[in-house]
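*Asks:* entry.cif is reproduced in full below (mmCIF, N, CA and C atoms).
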```
data_model
loop_
_atom_site.label_atom_id
_atom_site.label_comp_id
_atom_site.auth_asym_id
_atom_site.auth_seq_id
_atom_site.Cartn_x
_atom_site.Cartn_y
_atom_site.Cartn_z
N MET A 501 106.74 77.60 106.04
CA MET A 501 107.51 78.04 104.89
C MET A 501 107.99 79.47 105.14
N PRO A 502 109.28 79.73 104.89
CA PRO A 502 109.79 81.07 105.12
C PRO A 502 109.15 82.09 104.20
N ASN A 503 108.96 83.32 104.71
CA ASN A 503 108.42 84.37 103.85
C ASN A 503 109.55 85.04 103.09
N ALA A 504 109.25 86.15 102.41
CA ALA A 504 110.21 86.80 101.53
C ALA A 504 111.47 87.26 102.26
N LEU A 505 111.36 87.63 103.54
CA LEU A 505 112.54 88.09 104.26
C LEU A 505 113.26 86.98 104.99
N ASN A 506 112.55 85.96 105.42
CA ASN A 506 113.16 84.95 106.27
C ASN A 506 113.87 83.88 105.47
N SER A 507 115.09 83.57 105.87
CA SER A 507 115.77 82.42 105.31
C SER A 507 115.64 81.31 106.33
N ALA A 508 115.80 80.09 105.88
CA ALA A 508 115.59 78.95 106.76
C ALA A 508 116.64 78.87 107.86
N ASP A 509 117.85 79.36 107.61
CA ASP A 509 118.91 79.15 108.58
C ASP A 509 119.34 80.39 109.35
N LYS A 510 118.96 81.55 108.94
CA LYS A 510 119.35 82.78 109.63
C LYS A 510 118.13 83.63 109.94
N ALA A 511 118.15 84.22 111.14
CA ALA A 511 117.11 85.19 111.49
C ALA A 511 117.30 86.42 110.62
N THR A 512 116.21 87.11 110.33
CA THR A 512 116.24 88.30 109.48
C THR A 512 116.05 89.54 110.33
N ILE A 513 116.90 90.53 110.06
CA ILE A 513 116.81 91.82 110.74
C ILE A 513 116.58 92.91 109.70
N LEU A 514 115.56 93.71 109.93
CA LEU A 514 115.29 94.88 109.09
C LEU A 514 115.85 96.11 109.80
N VAL A 515 116.76 96.83 109.14
CA VAL A 515 117.36 98.04 109.69
C VAL A 515 116.72 99.23 108.98
N VAL A 516 116.05 100.08 109.76
CA VAL A 516 115.35 101.24 109.21
C VAL A 516 116.04 102.49 109.74
N ASP A 517 116.75 103.19 108.84
CA ASP A 517 117.46 104.41 109.22
C ASP A 517 117.68 105.24 107.97
N ASP A 518 117.40 106.54 108.07
CA ASP A 518 117.56 107.41 106.91
C ASP A 518 119.03 107.73 106.63
N SER A 519 119.92 107.39 107.55
CA SER A 519 121.35 107.60 107.34
C SER A 519 121.96 106.35 106.71
N PRO A 520 122.42 106.45 105.45
CA PRO A 520 123.04 105.27 104.83
C PRO A 520 124.26 104.78 105.62
N ASP A 521 125.00 105.70 106.23
CA ASP A 521 126.17 105.29 107.00
C ASP A 521 125.78 104.43 108.19
N THR A 522 124.78 104.85 108.93
CA THR A 522 124.33 104.08 110.10
C THR A 522 123.75 102.75 109.66
N ARG A 523 122.90 102.80 108.64
CA ARG A 523 122.27 101.57 108.13
C ARG A 523 123.34 100.57 107.68
N ASN A 524 124.31 101.05 106.92
CA ASN A 524 125.35 100.16 106.40
C ASN A 524 126.27 99.64 107.51
N LEU A 525 126.53 100.47 108.53
CA LEU A 525 127.33 100.01 109.66
C LEU A 525 126.66 98.84 110.35
N ILE A 526 125.38 98.99 110.66
CA ILE A 526 124.65 97.92 111.35
C ILE A 526 124.60 96.66 110.48
N ILE A 527 124.30 96.84 109.21
CA ILE A 527 124.23 95.69 108.30
C ILE A 527 125.58 94.97 108.25
N THR A 528 126.66 95.74 108.14
CA THR A 528 128.00 95.14 108.08
C THR A 528 128.33 94.40 109.36
N LEU A 529 128.00 95.00 110.51
CA LEU A 529 128.30 94.37 111.80
C LEU A 529 127.60 93.03 111.99
N LEU A 530 126.39 92.91 111.46
CA LEU A 530 125.55 91.74 111.75
C LEU A 530 125.41 90.75 110.60
N ALA A 531 125.94 91.08 109.43
CA ALA A 531 125.69 90.29 108.22
C ALA A 531 126.22 88.87 108.28
N ASN A 532 127.25 88.61 109.09
CA ASN A 532 127.77 87.24 109.16
C ASN A 532 126.82 86.28 109.85
N ASP A 533 126.02 86.81 110.79
CA ASP A 533 125.16 85.94 111.59
C ASP A 533 123.68 86.02 111.27
N TYR A 534 123.28 87.06 110.54
CA TYR A 534 121.86 87.30 110.27
C TYR A 534 121.66 87.71 108.82
N LYS A 535 120.45 87.47 108.34
CA LYS A 535 120.07 87.99 107.03
C LYS A 535 119.65 89.44 107.25
N MET A 536 120.29 90.36 106.56
CA MET A 536 120.07 91.78 106.79
C MET A 536 119.33 92.42 105.61
N VAL A 537 118.36 93.26 105.97
CA VAL A 537 117.58 94.01 104.98
C VAL A 537 117.55 95.46 105.47
N GLY A 538 117.71 96.41 104.55
CA GLY A 538 117.69 97.81 104.93
C GLY A 538 116.53 98.56 104.31
N ALA A 539 116.08 99.58 105.02
CA ALA A 539 115.05 100.50 104.50
C ALA A 539 115.49 101.91 104.86
N ASN A 540 115.24 102.83 103.94
CA ASN A 540 115.70 104.22 104.07
C ASN A 540 114.82 105.06 104.99
N GLY A 541 113.66 104.59 105.36
CA GLY A 541 112.77 105.36 106.21
C GLY A 541 111.54 104.56 106.57
N GLY A 542 110.68 105.19 107.37
CA GLY A 542 109.49 104.52 107.86
C GLY A 542 108.53 104.08 106.78
N GLU A 543 108.29 104.95 105.82
CA GLU A 543 107.36 104.61 104.74
C GLU A 543 107.84 103.40 103.95
N GLU A 544 109.15 103.39 103.63
CA GLU A 544 109.72 102.26 102.89
C GLU A 544 109.61 100.97 103.70
N ALA A 545 109.87 101.06 104.99
CA ALA A 545 109.77 99.88 105.85
C ALA A 545 108.35 99.34 105.90
N LEU A 546 107.38 100.23 106.07
CA LEU A 546 105.98 99.79 106.13
C LEU A 546 105.53 99.16 104.82
N LYS A 547 105.96 99.69 103.69
CA LYS A 547 105.62 99.07 102.39
C LYS A 547 106.21 97.68 102.30
N LEU A 548 107.44 97.52 102.76
CA LEU A 548 108.08 96.21 102.74
C LEU A 548 107.29 95.23 103.62
N LEU A 549 106.91 95.68 104.79
CA LEU A 549 106.16 94.83 105.71
C LEU A 549 104.76 94.52 105.19
N GLN A 550 104.13 95.48 104.53
CA GLN A 550 102.79 95.26 103.98
C GLN A 550 102.80 94.23 102.86
N SER A 551 103.97 94.03 102.25
CA SER A 551 104.08 93.02 101.19
C SER A 551 104.13 91.61 101.76
N GLY A 552 104.14 91.51 103.09
CA GLY A 552 104.14 90.20 103.72
C GLY A 552 105.52 89.74 104.14
N ALA A 553 106.53 90.57 103.94
CA ALA A 553 107.89 90.23 104.33
C ALA A 553 108.08 90.60 105.81
N ILE A 554 108.09 89.60 106.67
CA ILE A 554 108.12 89.83 108.11
C ILE A 554 109.49 89.42 108.68
N PRO A 555 110.25 90.39 109.21
CA PRO A 555 111.55 90.06 109.79
C PRO A 555 111.40 89.52 111.21
N ASP A 556 112.49 89.00 111.74
CA ASP A 556 112.51 88.51 113.11
C ASP A 556 112.76 89.63 114.11
N LEU A 557 113.34 90.74 113.63
CA LEU A 557 113.68 91.88 114.48
C LEU A 557 113.77 93.12 113.59
N ILE A 558 113.33 94.26 114.13
CA ILE A 558 113.49 95.54 113.43
C ILE A 558 114.36 96.45 114.29
N MET A 559 115.38 97.01 113.68
CA MET A 559 116.21 98.03 114.32
C MET A 559 115.78 99.35 113.69
N LEU A 560 115.20 100.24 114.51
CA LEU A 560 114.43 101.37 114.00
C LEU A 560 114.92 102.70 114.55
N ASP A 561 115.41 103.55 113.65
CA ASP A 561 115.82 104.90 114.03
C ASP A 561 114.59 105.69 114.46
N ILE A 562 114.75 106.55 115.43
CA ILE A 562 113.62 107.35 115.91
C ILE A 562 113.43 108.60 115.07
N MET A 563 114.50 109.35 114.86
CA MET A 563 114.39 110.63 114.16
C MET A 563 114.67 110.46 112.66
N MET A 564 113.59 110.41 111.89
CA MET A 564 113.69 110.29 110.43
C MET A 564 112.73 111.29 109.81
N PRO A 565 113.08 111.80 108.62
CA PRO A 565 112.15 112.71 107.95
C PRO A 565 110.87 111.98 107.54
N GLY A 566 109.78 112.70 107.56
CA GLY A 566 108.50 112.13 107.14
C GLY A 566 107.78 111.41 108.25
N MET A 567 108.32 110.29 108.69
CA MET A 567 107.66 109.47 109.68
C MET A 567 108.68 109.05 110.73
N SER A 568 108.42 109.39 111.97
CA SER A 568 109.37 109.03 113.03
C SER A 568 109.31 107.53 113.31
N GLY A 569 110.36 107.05 113.95
CA GLY A 569 110.37 105.65 114.36
C GLY A 569 109.25 105.32 115.33
N TYR A 570 108.89 106.29 116.18
CA TYR A 570 107.76 106.08 117.09
C TYR A 570 106.48 105.85 116.29
N ASP A 571 106.27 106.66 115.25
CA ASP A 571 105.06 106.51 114.42
C ASP A 571 105.05 105.15 113.71
N VAL A 572 106.22 104.74 113.22
CA VAL A 572 106.31 103.42 112.58
C VAL A 572 105.96 102.33 113.59
N CYS A 573 106.53 102.42 114.78
CA CYS A 573 106.27 101.41 115.81
C CYS A 573 104.79 101.36 116.18
N LYS A 574 104.16 102.52 116.32
CA LYS A 574 102.73 102.55 116.64
C LYS A 574 101.92 101.84 115.56
N GLN A 575 102.28 102.05 114.29
CA GLN A 575 101.56 101.37 113.21
C GLN A 575 101.81 99.86 113.24
N LEU A 576 103.05 99.48 113.54
CA LEU A 576 103.36 98.05 113.64
C LEU A 576 102.53 97.39 114.73
N LYS A 577 102.48 98.02 115.89
CA LYS A 577 101.79 97.44 117.04
C LYS A 577 100.27 97.43 116.86
N ALA A 578 99.74 98.29 115.99
CA ALA A 578 98.30 98.35 115.75
C ALA A 578 97.84 97.34 114.70
N ASP A 579 98.76 96.69 114.01
CA ASP A 579 98.43 95.76 112.92
C ASP A 579 98.69 94.33 113.41
N SER A 580 97.70 93.48 113.33
CA SER A 580 97.84 92.11 113.85
C SER A 580 98.92 91.31 113.13
N SER A 581 99.26 91.67 111.90
CA SER A 581 100.28 90.92 111.17
C SER A 581 101.70 91.35 111.54
N THR A 582 101.85 92.50 112.18
CA THR A 582 103.18 92.99 112.54
C THR A 582 103.34 93.32 114.02
N CYS A 583 102.31 93.16 114.81
CA CYS A 583 102.34 93.60 116.21
C CYS A 583 103.35 92.84 117.06
N ASN A 584 103.74 91.65 116.65
CA ASN A 584 104.66 90.86 117.45
C ASN A 584 106.11 90.97 117.01
N ILE A 585 106.40 91.81 116.03
CA ILE A 585 107.79 91.98 115.60
C ILE A 585 108.52 92.82 116.66
N PRO A 586 109.59 92.29 117.23
CA PRO A 586 110.32 93.06 118.23
C PRO A 586 111.09 94.21 117.58
N VAL A 587 111.25 95.30 118.34
CA VAL A 587 111.91 96.51 117.85
C VAL A 587 113.02 96.91 118.81
N ILE A 588 114.18 97.22 118.24
CA ILE A 588 115.24 97.89 118.98
C ILE A 588 115.32 99.29 118.39
N PHE A 589 115.07 100.30 119.23
CA PHE A 589 115.14 101.69 118.76
C PHE A 589 116.58 102.17 118.73
N ILE A 590 116.84 103.09 117.79
CA ILE A 590 118.15 103.74 117.64
C ILE A 590 117.90 105.24 117.71
N SER A 591 118.69 105.94 118.55
CA SER A 591 118.48 107.37 118.68
C SER A 591 119.77 108.11 118.96
N ALA A 592 119.87 109.31 118.44
CA ALA A 592 121.00 110.21 118.76
C ALA A 592 120.69 111.03 120.00
N MET A 593 119.47 110.93 120.52
CA MET A 593 119.05 111.77 121.64
C MET A 593 118.94 110.94 122.92
N ALA A 594 120.08 110.62 123.49
CA ALA A 594 120.09 109.87 124.74
C ALA A 594 119.69 110.78 125.90
N GLY A 595 119.05 110.20 126.89
CA GLY A 595 118.75 110.92 128.11
C GLY A 595 117.62 111.93 128.01
N LYS A 596 116.82 111.90 126.99
CA LYS A 596 115.72 112.85 126.86
C LYS A 596 114.37 112.14 126.91
N GLY A 597 114.32 111.03 127.60
CA GLY A 597 113.07 110.28 127.72
C GLY A 597 112.80 109.37 126.55
N ASN A 598 113.70 109.33 125.58
CA ASN A 598 113.47 108.51 124.39
C ASN A 598 113.43 107.02 124.70
N GLU A 599 114.33 106.57 125.57
CA GLU A 599 114.33 105.15 125.88
C GLU A 599 113.04 104.75 126.59
N ALA A 600 112.60 105.56 127.55
CA ALA A 600 111.36 105.26 128.26
C ALA A 600 110.17 105.26 127.30
N GLN A 601 110.13 106.23 126.39
CA GLN A 601 109.03 106.28 125.42
C GLN A 601 109.07 105.07 124.50
N GLY A 602 110.28 104.70 124.06
CA GLY A 602 110.41 103.52 123.20
C GLY A 602 109.99 102.25 123.91
N ARG A 603 110.40 102.11 125.15
CA ARG A 603 110.01 100.93 125.93
C ARG A 603 108.50 100.89 126.14
N ALA A 604 107.90 102.06 126.35
CA ALA A 604 106.44 102.12 126.52
C ALA A 604 105.72 101.67 125.26
N LEU A 605 106.35 101.84 124.11
CA LEU A 605 105.76 101.38 122.85
C LEU A 605 106.02 99.90 122.59
N GLY A 606 106.82 99.28 123.46
CA GLY A 606 107.07 97.85 123.34
C GLY A 606 108.45 97.47 122.84
N ALA A 607 109.39 98.41 122.80
CA ALA A 607 110.74 98.09 122.32
C ALA A 607 111.42 97.09 123.24
N VAL A 608 112.22 96.20 122.63
CA VAL A 608 112.98 95.22 123.39
C VAL A 608 114.40 95.70 123.66
N GLY A 609 114.79 96.82 123.04
CA GLY A 609 116.13 97.35 123.24
C GLY A 609 116.21 98.78 122.77
N PHE A 610 117.35 99.41 123.10
CA PHE A 610 117.55 100.81 122.75
C PHE A 610 119.04 101.04 122.57
N LEU A 611 119.42 101.62 121.44
CA LEU A 611 120.82 101.95 121.15
C LEU A 611 120.94 103.45 120.91
N THR A 612 122.04 104.03 121.37
CA THR A 612 122.25 105.46 121.15
C THR A 612 123.40 105.68 120.17
N LYS A 613 123.24 106.75 119.38
CA LYS A 613 124.28 107.16 118.44
C LYS A 613 125.19 108.15 119.13
N PRO A 614 126.47 108.15 118.82
CA PRO A 614 127.12 107.27 117.86
C PRO A 614 127.12 105.83 118.38
N LEU A 615 126.91 104.91 117.47
CA LEU A 615 126.78 103.51 117.84
C LEU A 615 128.10 102.91 118.26
N ASP A 616 128.06 102.15 119.32
CA ASP A 616 129.20 101.34 119.75
C ASP A 616 129.00 99.97 119.10
N PRO A 617 129.87 99.58 118.17
CA PRO A 617 129.68 98.31 117.47
C PRO A 617 129.51 97.12 118.41
N HIS A 618 130.25 97.09 119.51
CA HIS A 618 130.13 95.97 120.46
C HIS A 618 128.75 95.94 121.10
N ASN A 619 128.20 97.10 121.39
CA ASN A 619 126.87 97.18 121.99
C ASN A 619 125.79 96.75 121.01
N VAL A 620 125.94 97.13 119.75
CA VAL A 620 124.98 96.71 118.71
C VAL A 620 124.93 95.19 118.66
N ILE A 621 126.09 94.58 118.53
CA ILE A 621 126.16 93.11 118.43
C ILE A 621 125.62 92.48 119.71
N ALA A 622 126.01 93.01 120.87
CA ALA A 622 125.58 92.43 122.15
C ALA A 622 124.06 92.49 122.32
N GLN A 623 123.44 93.64 121.99
CA GLN A 623 121.98 93.74 122.16
C GLN A 623 121.24 92.77 121.25
N VAL A 624 121.70 92.64 120.03
CA VAL A 624 121.02 91.75 119.09
C VAL A 624 121.20 90.30 119.53
N LYS A 625 122.41 89.92 119.89
CA LYS A 625 122.64 88.54 120.34
C LYS A 625 121.86 88.24 121.62
N GLU A 626 121.80 89.22 122.53
CA GLU A 626 121.04 89.04 123.76
C GLU A 626 119.56 88.82 123.46
N TYR A 627 119.01 89.61 122.55
CA TYR A 627 117.60 89.44 122.20
C TYR A 627 117.35 88.03 121.66
N PHE A 628 118.17 87.57 120.70
CA PHE A 628 117.94 86.26 120.11
C PHE A 628 118.20 85.12 121.10
N ALA A 629 119.14 85.30 122.02
CA ALA A 629 119.38 84.28 123.05
C ALA A 629 118.16 84.17 123.98
N LEU A 630 117.62 85.32 124.39
CA LEU A 630 116.42 85.31 125.24
C LEU A 630 115.23 84.70 124.50
N ARG A 631 115.10 85.02 123.22
CA ARG A 631 114.00 84.45 122.43
C ARG A 631 114.12 82.92 122.38
N GLN A 632 115.34 82.43 122.20
CA GLN A 632 115.56 80.98 122.14
C GLN A 632 115.22 80.33 123.48
N LYS A 633 115.65 80.94 124.57
CA LYS A 633 115.33 80.39 125.90
C LYS A 633 113.82 80.37 126.14
N ARG A 634 113.14 81.45 125.73
CA ARG A 634 111.69 81.51 125.89
C ARG A 634 111.02 80.38 125.11
N ARG A 635 111.49 80.15 123.88
CA ARG A 635 110.92 79.07 123.07
C ARG A 635 111.16 77.71 123.71
N GLU A 636 112.33 77.52 124.28
CA GLU A 636 112.64 76.25 124.96
C GLU A 636 111.71 76.05 126.16
N LEU A 637 111.51 77.09 126.93
CA LEU A 637 110.61 77.00 128.08
C LEU A 637 109.18 76.73 127.65
N GLU A 638 108.74 77.40 126.60
CA GLU A 638 107.39 77.16 126.11
C GLU A 638 107.20 75.74 125.63
N SER A 639 108.23 75.17 124.99
CA SER A 639 108.10 73.80 124.51
C SER A 639 108.06 72.80 125.68
N LEU A 640 108.71 73.12 126.79
CA LEU A 640 108.66 72.28 127.97
C LEU A 640 107.28 72.30 128.63
N ASN A 641 106.58 73.41 128.47
CA ASN A 641 105.26 73.57 129.09
C ASN A 641 104.14 73.00 128.25
N LYS A 642 104.44 72.45 127.12
CA LYS A 642 103.36 71.91 126.25
C LYS A 642 103.03 70.49 126.62
#
```
Would you write the structure of this file as structure tokens?
*Replies:*
Amino acid sequence: MPNALNSADKATILVVDDSPDTRNLIITLLANDYKMVGANGGEEALKLLQSGAIPDLIMLDIMMPGMSGYDVCKQLKADSSTCNIPVIFISAMAGKGNEAQGRALGAVGFLTKPLDPHNVIAQVKEYFALRQKRRELESLNK
């Protein structure tokens, strides 16, 4: 049975970014193909997740007031109910070790600001295509 975030026919993406412009851009770009949910920051996202609403993917800004995206990711990975949620990090600080740090925390992707709309769509579609292939392979091995 789908949870509060998941619809039966569309994967759910939680976009966590303190910038309404960035959050709305991502939501607008992906809304035709995915169920989109937004959160204004790490604390709001964690409260949403603690309510049992588990998305299929989280797009997570790194630099946010209060709680960084890295801190949010660490909490997600430490909790058995959220540790398997894939994360694509979003950062305005390209080339400063952020991608390596994000990948070390388990990120499946990394986007830099200013966002290239084509890259946003491509990374998300690539993630879900790989997930589908993995599921197909796993079902063959059963």
*Asks:* Give the answer as one residue: which of A:Val624, A:Leu548, A:Ile526, A:Ile590 has the shortest atom-to-atom distance to Phe610 in chain A, using only N, CA and C atoms?
*Replies:*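 Under the stated criterion, the closest residue is A:Ile590.
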*Asks:* For the file shown, report as an mmCIF file with N, CA and C atoms, in the coordinates of the input the outcome of the PyMOL selection byres ((chain A and resi 554-569) around 6.5) at residue level.
*Replies:*
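Just written: part.cif:
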```cif
data_model
loop_
_atom_site.group_PDB
_atom_site.id
_atom_site.type_symbol
_atom_site.label_atom_id
_atom_site.label_comp_id
_atom_site.auth_asym_id
_atom_site.auth_seq_id
_atom_site.Cartn_x
_atom_site.Cartn_y
_atom_site.Cartn_z
ATOM 1 N N ASN A 503 108.960 83.320 104.710
ATOM 2 C CA ASN A 503 108.420 84.370 103.850
ATOM 3 C C ASN A 503 109.550 85.040 103.090
ATOM 4 N N ALA A 504 109.250 86.150 102.410
ATOM 5 C CA ALA A 504 110.210 86.800 101.530
ATOM 6 C C ALA A 504 111.470 87.260 102.260
ATOM 7 N N LEU A 505 111.360 87.630 103.540
ATOM 8 C CA LEU A 505 112.540 88.090 104.260
ATOM 9 C C LEU A 505 113.260 86.980 104.990
ATOM 10 N N ASN A 506 112.550 85.960 105.420
ATOM 11 C CA ASN A 506 113.160 84.950 106.270
ATOM 12 C C ASN A 506 113.870 83.880 105.470
ATOM 13 N N ALA A 511 118.150 84.220 111.140
ATOM 14 C CA ALA A 511 117.110 85.190 111.490
ATOM 15 C C ALA A 511 117.300 86.420 110.620
ATOM 16 N N THR A 512 116.210 87.110 110.330
ATOM 17 C CA THR A 512 116.240 88.300 109.480
ATOM 18 C C THR A 512 116.050 89.540 110.330
ATOM 19 N N ILE A 513 116.900 90.530 110.060
ATOM 20 C CA ILE A 513 116.810 91.820 110.740
ATOM 21 C C ILE A 513 116.580 92.910 109.700
ATOM 22 N N LEU A 514 115.560 93.710 109.930
ATOM 23 C CA LEU A 514 115.290 94.880 109.090
ATOM 24 C C LEU A 514 115.850 96.110 109.800
ATOM 25 N N VAL A 515 116.760 96.830 109.140
ATOM 26 C CA VAL A 515 117.360 98.040 109.690
ATOM 27 C C VAL A 515 116.720 99.230 108.980
ATOM 28 N N VAL A 516 116.050 100.080 109.760
ATOM 29 C CA VAL A 516 115.350 101.240 109.210
ATOM 30 C C VAL A 516 116.040 102.490 109.740
ATOM 31 N N ASP A 517 116.750 103.190 108.840
ATOM 32 C CA ASP A 517 117.460 104.410 109.220
ATOM 33 C C ASP A 517 117.680 105.240 107.970
ATOM 34 N N ASP A 518 117.400 106.540 108.070
ATOM 35 C CA ASP A 518 117.560 107.410 106.910
ATOM 36 C C ASP A 518 119.030 107.730 106.630
ATOM 37 N N GLY A 542 110.680 105.190 107.370
ATOM 38 C CA GLY A 542 109.490 104.520 107.860
ATOM 39 C C GLY A 542 108.530 104.080 106.780
ATOM 40 N N GLU A 543 108.290 104.950 105.820
ATOM 41 C CA GLU A 543 107.360 104.610 104.740
ATOM 42 C C GLU A 543 107.840 103.400 103.950
ATOM 43 N N LEU A 548 107.440 97.520 102.760
ATOM 44 C CA LEU A 548 108.080 96.210 102.740
ATOM 45 C C LEU A 548 107.290 95.230 103.620
ATOM 46 N N LEU A 549 106.910 95.680 104.790
ATOM 47 C CA LEU A 549 106.160 94.830 105.710
ATOM 48 C C LEU A 549 104.760 94.520 105.190
ATOM 49 N N GLY A 552 104.140 91.510 103.090
ATOM 50 C CA GLY A 552 104.140 90.200 103.720
ATOM 51 C C GLY A 552 105.520 89.740 104.140
ATOM 52 N N ALA A 553 106.530 90.570 103.940
ATOM 53 C CA ALA A 553 107.890 90.230 104.330
ATOM 54 C C ALA A 553 108.080 90.600 105.810
ATOM 55 N N TYR A 570 108.890 106.290 116.180
ATOM 56 C CA TYR A 570 107.760 106.080 117.090
ATOM 57 C C TYR A 570 106.480 105.850 116.290
ATOM 58 N N ASP A 571 106.270 106.660 115.250
ATOM 59 C CA ASP A 571 105.060 106.510 114.420
ATOM 60 C C ASP A 571 105.050 105.150 113.710
ATOM 61 N N VAL A 572 106.220 104.740 113.220
ATOM 62 C CA VAL A 572 106.310 103.420 112.580
ATOM 63 C C VAL A 572 105.960 102.330 113.590
ATOM 64 N N CYS A 573 106.530 102.420 114.780
ATOM 65 C CA CYS A 573 106.270 101.410 115.810
ATOM 66 C C CYS A 573 104.790 101.360 116.180
ATOM 67 N N LYS A 574 104.160 102.520 116.320
ATOM 68 C CA LYS A 574 102.730 102.550 116.640
ATOM 69 C C LYS A 574 101.920 101.840 115.560
ATOM 70 N N ILE A 585 106.400 91.810 116.030
ATOM 71 C CA ILE A 585 107.790 91.980 115.600
ATOM 72 C C ILE A 585 108.520 92.820 116.660
ATOM 73 N N PRO A 586 109.590 92.290 117.230
ATOM 74 C CA PRO A 586 110.320 93.060 118.230
ATOM 75 C C PRO A 586 111.090 94.210 117.580
ATOM 76 N N VAL A 587 111.250 95.300 118.340
ATOM 77 C CA VAL A 587 111.910 96.510 117.850
ATOM 78 C C VAL A 587 113.020 96.910 118.810
ATOM 79 N N ILE A 588 114.180 97.220 118.240
ATOM 80 C CA ILE A 588 115.240 97.890 118.980
ATOM 81 C C ILE A 588 115.320 99.290 118.390
ATOM 82 N N PHE A 589 115.070 100.300 119.230
ATOM 83 C CA PHE A 589 115.140 101.690 118.760
ATOM 84 C C PHE A 589 116.580 102.170 118.730
ATOM 85 N N ILE A 590 116.840 103.090 117.790
ATOM 86 C CA ILE A 590 118.150 103.740 117.640
ATOM 87 C C ILE A 590 117.900 105.240 117.710
ATOM 88 N N SER A 591 118.690 105.940 118.550
ATOM 89 C CA SER A 591 118.480 107.370 118.680
ATOM 90 C C SER A 591 119.770 108.110 118.960
ATOM 91 N N ALA A 592 119.870 109.310 118.440
ATOM 92 C CA ALA A 592 121.000 110.210 118.760
ATOM 93 C C ALA A 592 120.690 111.030 120.000
#
```
*Asks:* Rounded to one decimal place, report the atom N of Gly606 in chain A-atom C of His618 in chain A distance in Å.
*Replies:*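 Atom C of His618 in chain A lies 22.3 Å from atom N of Gly606 in chain A.
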*Asks:* Using DSSP assignments from the backbone, pull out every residue in chain A that falls under strand (DSSP E) and give it to me as a list in words.
*Replies:* Thr512, Ile513, Leu514, Val515, Val516, Lys535, Met536, Val537, Gly538, Ala539, Leu557, Ile558, Met559, Leu560, Asp561, Val587, Ile588, Phe589, Ile590, Ser591, Gly609, Phe610, Leu611 and Thr612 of chain A
*Asks:* Atom C of Lys510 in chain A to atom C of Tyr534 in chain A: how many Å, to one decimal?
*Replies:*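 Here the two named atoms are 5.5 Å from each other.
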*Asks:* Atom C of Pro614 in chain A and CA of Ser519 in chain A, how far apart in Å?
*Replies:* 12.6 Å
*Asks:* Taking the DSSP secondary structure from the backbone, can you list the residues of chain A that are helix (DSSP H, G or I), as number ranges by chain?
*Replies:* A: 520-530, 542-550, 569-578, 598-604, 617-640
*Asks:* Nearest to Leu530 in chain A: which of A:Leu637, A:Leu630, A:Ala604, A:Val620 is it, counting all atoms listed in the file?
*Replies:*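 Closest to Leu530 in chain A, using all atoms listed in the file: A:Val620.
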*Asks:* How big is the axis-aligned box around the listed atoms of range 605-613 of chain A once 5 Å is added on each side, and where is its centre? Give both in Å to one decimal, as JSON.
*Replies:*
```
{"center_x": 115.5, "center_y": 101.7, "center_z": 121.3, "size_x": 29.4, "size_y": 22.9, "size_z": 15.7}
```
